[in-house]
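Okay, structure first, notes after.
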Amino acid sequence: MGKDGQPKHRQAARELRRRSAQRQPAERLLIVCEGAKTEPLYLREIRQQMSLPSANVQLQPAAGGTEPLKIVDYAEYLFVEGSREREIHPRSFDRVVTVFDRDEHRTYQPALKRVTALNGQLVNDERVRVPFEAVVSVPCFELWLLLHFEDVFAPLHRAEALARLRVHVAGYTKGQGSHWAVTRERLDVASARANALMDAGHTAEEGTQPYTSMHELVHRLLHLKDQAA
(Lines give C-alpha, C1' and ligand atoms only; values in the text may rest on other atoms or scores of the structure.)
Protein backbone atom coordinates (compact mmCIF):
# COMPACT_ATOMS: atom_id res chain seq x y z
CA MET A 1 0.00 0.00 0.00
CA GLY A 2 1.10 3.60 -0.54
CA LYS A 3 1.47 6.39 1.96
CA ASP A 4 -2.17 7.48 1.64
CA GLY A 5 -3.61 3.99 1.86
CA GLN A 6 -3.99 3.66 -1.90
CA PRO A 7 -2.42 0.80 -3.85
CA LYS A 8 0.98 1.78 -5.26
CA HIS A 9 -0.07 1.19 -8.87
CA ARG A 10 -2.91 3.71 -8.44
CA GLN A 11 -0.52 6.25 -6.97
CA ALA A 12 1.84 5.74 -9.92
CA ALA A 13 -0.98 6.17 -12.43
CA ARG A 14 -2.15 9.34 -10.68
CA GLU A 15 1.39 10.76 -10.68
CA LEU A 16 1.76 10.02 -14.41
CA ARG A 17 -1.52 11.83 -15.13
CA ARG A 18 -0.35 14.80 -13.04
CA ARG A 19 2.97 15.04 -14.91
CA SER A 20 1.21 14.72 -18.27
CA ALA A 21 -1.17 17.54 -17.36
CA GLN A 22 1.76 19.77 -16.45
CA ARG A 23 3.85 18.95 -19.54
CA GLN A 24 4.06 21.78 -22.01
CA PRO A 25 2.99 20.93 -25.57
CA ALA A 26 5.84 20.51 -28.06
CA GLU A 27 6.88 23.70 -29.79
CA ARG A 28 5.51 24.20 -33.30
CA LEU A 29 8.37 25.17 -35.56
CA LEU A 30 8.38 26.67 -39.06
CA ILE A 31 11.78 26.37 -40.78
CA VAL A 32 12.35 28.03 -44.15
CA CYS A 33 15.63 27.09 -45.86
CA GLU A 34 17.72 28.76 -48.54
CA GLY A 35 18.48 25.55 -50.38
CA ALA A 36 15.91 23.33 -52.01
CA LYS A 37 17.89 20.17 -51.20
CA THR A 38 20.98 20.20 -48.97
CA GLU A 39 19.71 21.89 -45.81
CA PRO A 40 16.13 20.57 -46.02
CA LEU A 41 17.41 17.01 -46.58
CA TYR A 42 19.71 17.26 -43.57
CA LEU A 43 16.96 18.63 -41.32
CA ARG A 44 14.38 16.14 -42.61
CA GLU A 45 16.75 13.31 -41.74
CA ILE A 46 16.80 14.57 -38.16
CA ARG A 47 13.02 14.96 -38.12
CA GLN A 48 12.53 11.44 -39.44
CA GLN A 49 15.00 9.85 -37.04
CA MET A 50 13.37 11.67 -34.11
CA SER A 51 9.87 10.79 -35.42
CA LEU A 52 8.82 14.44 -35.19
CA PRO A 53 5.45 15.03 -36.87
CA SER A 54 5.18 17.71 -39.53
CA ALA A 55 2.56 19.36 -37.30
CA ASN A 56 5.45 20.25 -34.98
CA VAL A 57 8.20 20.79 -37.55
CA GLN A 58 7.37 22.24 -40.96
CA LEU A 59 10.37 22.35 -43.31
CA GLN A 60 9.98 24.47 -46.41
CA PRO A 61 12.41 25.58 -49.12
CA ALA A 62 12.10 29.27 -49.90
CA ALA A 63 10.06 30.30 -52.91
CA GLY A 64 11.34 33.02 -55.19
CA GLY A 65 15.08 32.49 -55.05
CA THR A 66 17.94 32.03 -52.62
CA GLU A 67 18.61 35.66 -51.65
CA PRO A 68 18.40 35.85 -47.84
CA LEU A 69 15.92 38.72 -47.80
CA LYS A 70 13.55 36.75 -50.03
CA ILE A 71 13.83 33.82 -47.62
CA VAL A 72 12.92 36.01 -44.67
CA ASP A 73 10.03 37.62 -46.55
CA TYR A 74 8.71 34.21 -47.58
CA ALA A 75 8.93 32.90 -44.02
CA GLU A 76 6.91 35.88 -42.82
CA TYR A 77 4.37 35.32 -45.59
CA LEU A 78 3.99 31.60 -44.79
CA PHE A 79 3.52 32.35 -41.11
CA VAL A 80 0.94 35.09 -41.61
CA GLU A 81 -0.97 33.77 -44.63
CA GLY A 82 -0.37 30.02 -44.43
CA SER A 83 -0.55 27.79 -47.50
CA ARG A 84 -3.42 25.53 -48.42
CA GLU A 85 -1.18 23.68 -50.88
CA ARG A 86 1.35 22.93 -48.11
CA GLU A 87 -1.35 22.36 -45.48
CA ILE A 88 -0.01 25.22 -43.37
CA HIS A 89 -2.58 27.14 -41.36
CA PRO A 90 -2.01 30.86 -40.76
CA ARG A 91 -0.12 31.74 -37.58
CA SER A 92 0.01 28.10 -36.45
CA PHE A 93 3.61 28.17 -35.15
CA ASP A 94 5.42 29.09 -31.94
CA ARG A 95 8.74 29.91 -33.60
CA VAL A 96 9.92 30.84 -37.11
CA VAL A 97 13.46 29.99 -38.21
CA THR A 98 15.11 31.06 -41.46
CA VAL A 99 18.21 29.18 -42.63
CA PHE A 100 20.64 30.79 -45.07
CA ASP A 101 24.33 31.24 -45.83
CA ARG A 102 26.54 34.30 -45.99
CA ASP A 103 28.03 33.15 -49.29
CA GLU A 104 28.18 36.21 -51.56
CA HIS A 105 24.55 37.23 -51.18
CA ARG A 106 23.93 40.94 -51.58
CA THR A 107 20.90 40.93 -49.24
CA TYR A 108 22.59 39.07 -46.38
CA GLN A 109 22.87 42.06 -44.04
CA PRO A 110 19.40 43.44 -44.86
CA ALA A 111 18.00 39.97 -44.14
CA LEU A 112 19.60 39.90 -40.68
CA LYS A 113 18.16 43.34 -39.94
CA ARG A 114 14.71 42.23 -41.11
CA VAL A 115 14.85 39.18 -38.85
CA THR A 116 15.69 41.41 -35.89
CA ALA A 117 12.76 43.67 -36.74
CA LEU A 118 10.33 40.73 -36.97
CA ASN A 119 11.52 38.98 -33.81
CA GLY A 120 8.72 39.03 -31.26
CA GLN A 121 6.46 41.18 -33.45
CA LEU A 122 4.29 38.43 -34.97
CA VAL A 123 1.44 36.92 -32.96
CA ASN A 124 0.36 33.30 -33.42
CA ASP A 125 -3.05 31.63 -33.18
CA GLU A 126 -2.71 31.50 -29.39
CA ARG A 127 -2.07 35.26 -29.25
CA VAL A 128 1.54 34.70 -28.21
CA ARG A 129 4.41 36.74 -29.68
CA VAL A 130 6.63 34.51 -31.78
CA PRO A 131 10.45 34.43 -31.92
CA PHE A 132 11.70 34.99 -35.47
CA GLU A 133 15.29 33.79 -35.93
CA ALA A 134 18.07 33.46 -38.48
CA VAL A 135 20.27 30.36 -38.46
CA VAL A 136 23.21 31.28 -40.67
CA SER A 137 26.55 29.82 -41.72
CA VAL A 138 29.58 31.78 -42.88
CA PRO A 139 30.58 31.13 -45.56
CA CYS A 140 28.14 28.24 -46.17
CA PHE A 141 26.32 25.25 -44.67
CA GLU A 142 29.30 23.01 -45.44
CA LEU A 143 31.23 24.79 -42.68
CA TRP A 144 28.84 23.19 -40.17
CA LEU A 145 29.52 19.73 -41.59
CA LEU A 146 33.26 20.41 -41.71
CA LEU A 147 33.30 21.26 -38.00
CA HIS A 148 32.37 17.64 -37.27
CA PHE A 149 35.85 16.68 -38.47
CA GLU A 150 38.23 19.58 -37.89
CA ASP A 151 38.67 22.99 -36.29
CA VAL A 152 38.16 26.02 -38.50
CA PHE A 153 39.12 29.48 -37.27
CA ALA A 154 40.49 31.32 -40.32
CA PRO A 155 38.23 32.78 -43.03
CA LEU A 156 37.61 30.46 -45.97
CA HIS A 157 35.76 30.54 -49.26
CA ARG A 158 32.88 28.13 -49.86
CA ALA A 159 35.00 26.29 -52.45
CA GLU A 160 37.65 25.64 -49.81
CA ALA A 161 35.00 24.48 -47.32
CA LEU A 162 33.72 22.01 -49.91
CA ALA A 163 37.21 20.75 -50.76
CA ARG A 164 38.15 20.22 -47.11
CA LEU A 165 34.86 18.50 -46.36
CA ARG A 166 35.40 16.04 -49.22
CA VAL A 167 38.60 14.91 -47.51
CA HIS A 168 36.40 13.57 -44.71
CA VAL A 169 33.22 12.72 -46.64
CA ALA A 170 34.24 11.12 -49.92
CA GLY A 171 32.12 12.15 -52.86
CA TYR A 172 30.26 14.88 -50.99
CA THR A 173 28.00 16.90 -53.25
CA LYS A 174 25.37 19.52 -52.47
CA GLY A 175 21.85 18.16 -52.61
CA GLN A 176 22.98 14.75 -51.46
CA GLY A 177 21.28 12.97 -48.57
CA SER A 178 22.54 11.04 -45.53
CA HIS A 179 24.65 13.91 -44.14
CA TRP A 180 23.01 13.56 -40.71
CA ALA A 181 23.71 9.83 -40.67
CA VAL A 182 27.36 10.43 -41.56
CA THR A 183 27.97 13.15 -38.97
CA ARG A 184 25.57 12.63 -36.06
CA GLU A 185 28.01 10.65 -33.90
CA ARG A 186 30.28 13.71 -33.89
CA LEU A 187 27.53 16.23 -33.10
CA ASP A 188 28.94 17.14 -29.70
CA VAL A 189 32.37 17.80 -31.21
CA ALA A 190 30.92 20.01 -33.94
CA SER A 191 28.72 21.88 -31.45
CA ALA A 192 31.71 22.59 -29.21
CA ARG A 193 33.65 23.93 -32.19
CA ALA A 194 30.73 26.12 -33.29
CA ASN A 195 30.47 27.49 -29.75
CA ALA A 196 34.22 28.13 -29.74
CA LEU A 197 33.80 30.32 -32.81
CA MET A 198 31.12 32.33 -30.99
CA ASP A 199 33.32 32.58 -27.91
CA ALA A 200 36.11 33.92 -30.13
CA GLY A 201 33.84 36.79 -31.15
CA HIS A 202 32.75 35.51 -34.54
CA THR A 203 29.22 36.70 -35.32
CA ALA A 204 26.63 36.40 -38.03
CA GLU A 205 26.64 40.17 -38.48
CA GLU A 206 30.40 40.40 -39.01
CA GLY A 207 30.02 37.94 -41.85
CA THR A 208 33.64 37.23 -42.83
CA GLN A 209 34.98 35.03 -40.02
CA PRO A 210 33.76 31.41 -39.99
CA TYR A 211 30.53 31.15 -38.04
CA THR A 212 27.48 28.93 -37.77
CA SER A 213 24.48 28.65 -35.48
CA MET A 214 23.26 25.43 -37.07
CA HIS A 215 24.09 23.50 -33.90
CA GLU A 216 21.48 25.52 -32.00
CA LEU A 217 18.77 24.49 -34.45
CA VAL A 218 19.86 20.84 -34.39
CA HIS A 219 19.73 20.73 -30.60
CA ARG A 220 16.32 22.45 -30.64
CA LEU A 221 15.02 19.66 -32.87
CA LEU A 222 16.49 17.00 -30.62
CA HIS A 223 14.88 18.69 -27.61
CA LEU A 224 11.53 18.62 -29.38
CA LYS A 225 11.73 14.84 -29.24
CA ASP A 226 11.86 15.08 -25.43
CA GLN A 227 8.90 17.48 -25.40
CA ALA A 228 6.83 15.20 -27.60
CA ALA A 229 7.66 12.06 -25.58
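Chain labels run A, B, ... following the order of the C-alpha coordinates; each chain numbers its residues from 1, and ligands are numbered from 1 in the order shown.
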Mind checking DSSP for segment 33-112 of chain A and telling me the alpha helix (DSSP H) residues as an MDAnalysis selection string? chainID A and resid 38:49 68:81 108:112
With DSSP run on the backbone, what are the strand (DSSP E or B) residues within segment 51-223 of chain A? I'd like them as a PyMOL selection string. chain A and resi 57-61+83+88+95-101+122-123+129-130+132-138+211-212
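Every protein, DNA or RNA residue with an atom at most 10 Å from Arg102 of chain A, where only C-alpha atoms count and chain neighbours fewer than 4 positions away do not, is listed here: A:Glu67, A:Pro68, A:Arg106, A:Thr107, A:Tyr108, A:Gln109, A:Val136, A:Ser137, A:Val138, A:Pro139, A:Cys140, A:Phe141, A:Arg158, A:Ala204, A:Glu205, A:Gly207, A:Thr208, A:Pro210, A:Tyr211, A:Thr212.
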Give me, as number ranges by chain, all polymer residues having an atom no more than 6 Å from Ala134 of chain A, counting only C-alpha atoms and skipping those fewer than 6 positions away in the same chain. A: 97-99
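Taking only C-alpha atoms into account, Ser178 of chain A lies nearest to A:Gln48 out of the set A:Gln48, A:Ser83, A:Thr116, A:Asn56.
Relative to atom CA of Lys37 of chain A, atom CA of Lys70 of chain A is found at 17.2 Å.
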Near segment 143-146 of chain A, within 10 Å and counting only C-alpha atoms, which residues show up once chain neighbours fewer than 2 positions away are dropped, as an MDAnalysis selection string? chainID A and resid 101 136:141 148:152 156:158 160:169 179:180 182:184 186:187 190:191 193:194 210:215
Using only C-alpha atoms, which residues sit within 9 Å of Ile71 of chain A once same-chain residues fewer than 4 positions away are excluded, as a VMD selection string? chain A and resid 32 to 34 61 to 67 75 to 76 98 to 100 111
Between segment 52-81 of chain A and segment 216-225 of chain A, at 10 Å or less, what are the per-residue closest atom pairs and their distances in Å? Count only C-alpha atoms, order by chain and rising residue number, and return it as JSON lines.
{"residue": "A:Leu52", "atom": "CA", "partner": "A:Lys225", "partner_atom": "CA", "distance": 6.6}
{"residue": "A:Pro53", "atom": "CA", "partner": "A:Lys225", "partner_atom": "CA", "distance": 9.9}
{"residue": "A:Asn56", "atom": "CA", "partner": "A:Leu224", "partner_atom": "CA", "distance": 8.4}
{"residue": "A:Val57", "atom": "CA", "partner": "A:Leu221", "partner_atom": "CA", "distance": 8.3}
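Across the structure, atom CA of Met198 of chain A and atom CA of Leu118 of chain A are spaced 23.2 Å apart.
Taking atom CA of Gln49 of chain A and atom CA of Val80 of chain A as endpoints, the distance between them is 29.3 Å.
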Could you give me, as a VMD selection string, the residues within 12 Å of Ala117 of chain A, counting only C-alpha atoms and dropping anything in the same chain fewer than 2 positions from it? chain A and resid 72 to 73 76 110 to 115 119 to 122 131 to 134
Taking only C-alpha atoms into account, name the residue in A:Gln209, A:Ser92, A:Asn195, A:Gln176 that is nearest to Glu45 of chain A. A:Gln176
Counting only C-alpha atoms, the residue among A:Asp94, A:Glu104, A:Glu185, A:Glu142 that lies closest to Arg127 of chain A is A:Asp94
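Across A:Leu59, A:Phe93, A:Glu39, A:Gly171, the tightest approach to Glu126 of chain A is made by A:Phe93 when counting only C-alpha atoms.
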Nearest residue to Tyr42 of chain A from the set A:Ala170, A:Ala181, A:Ala154, A:Ala200 (distances using only C-alpha atoms): A:Ala181
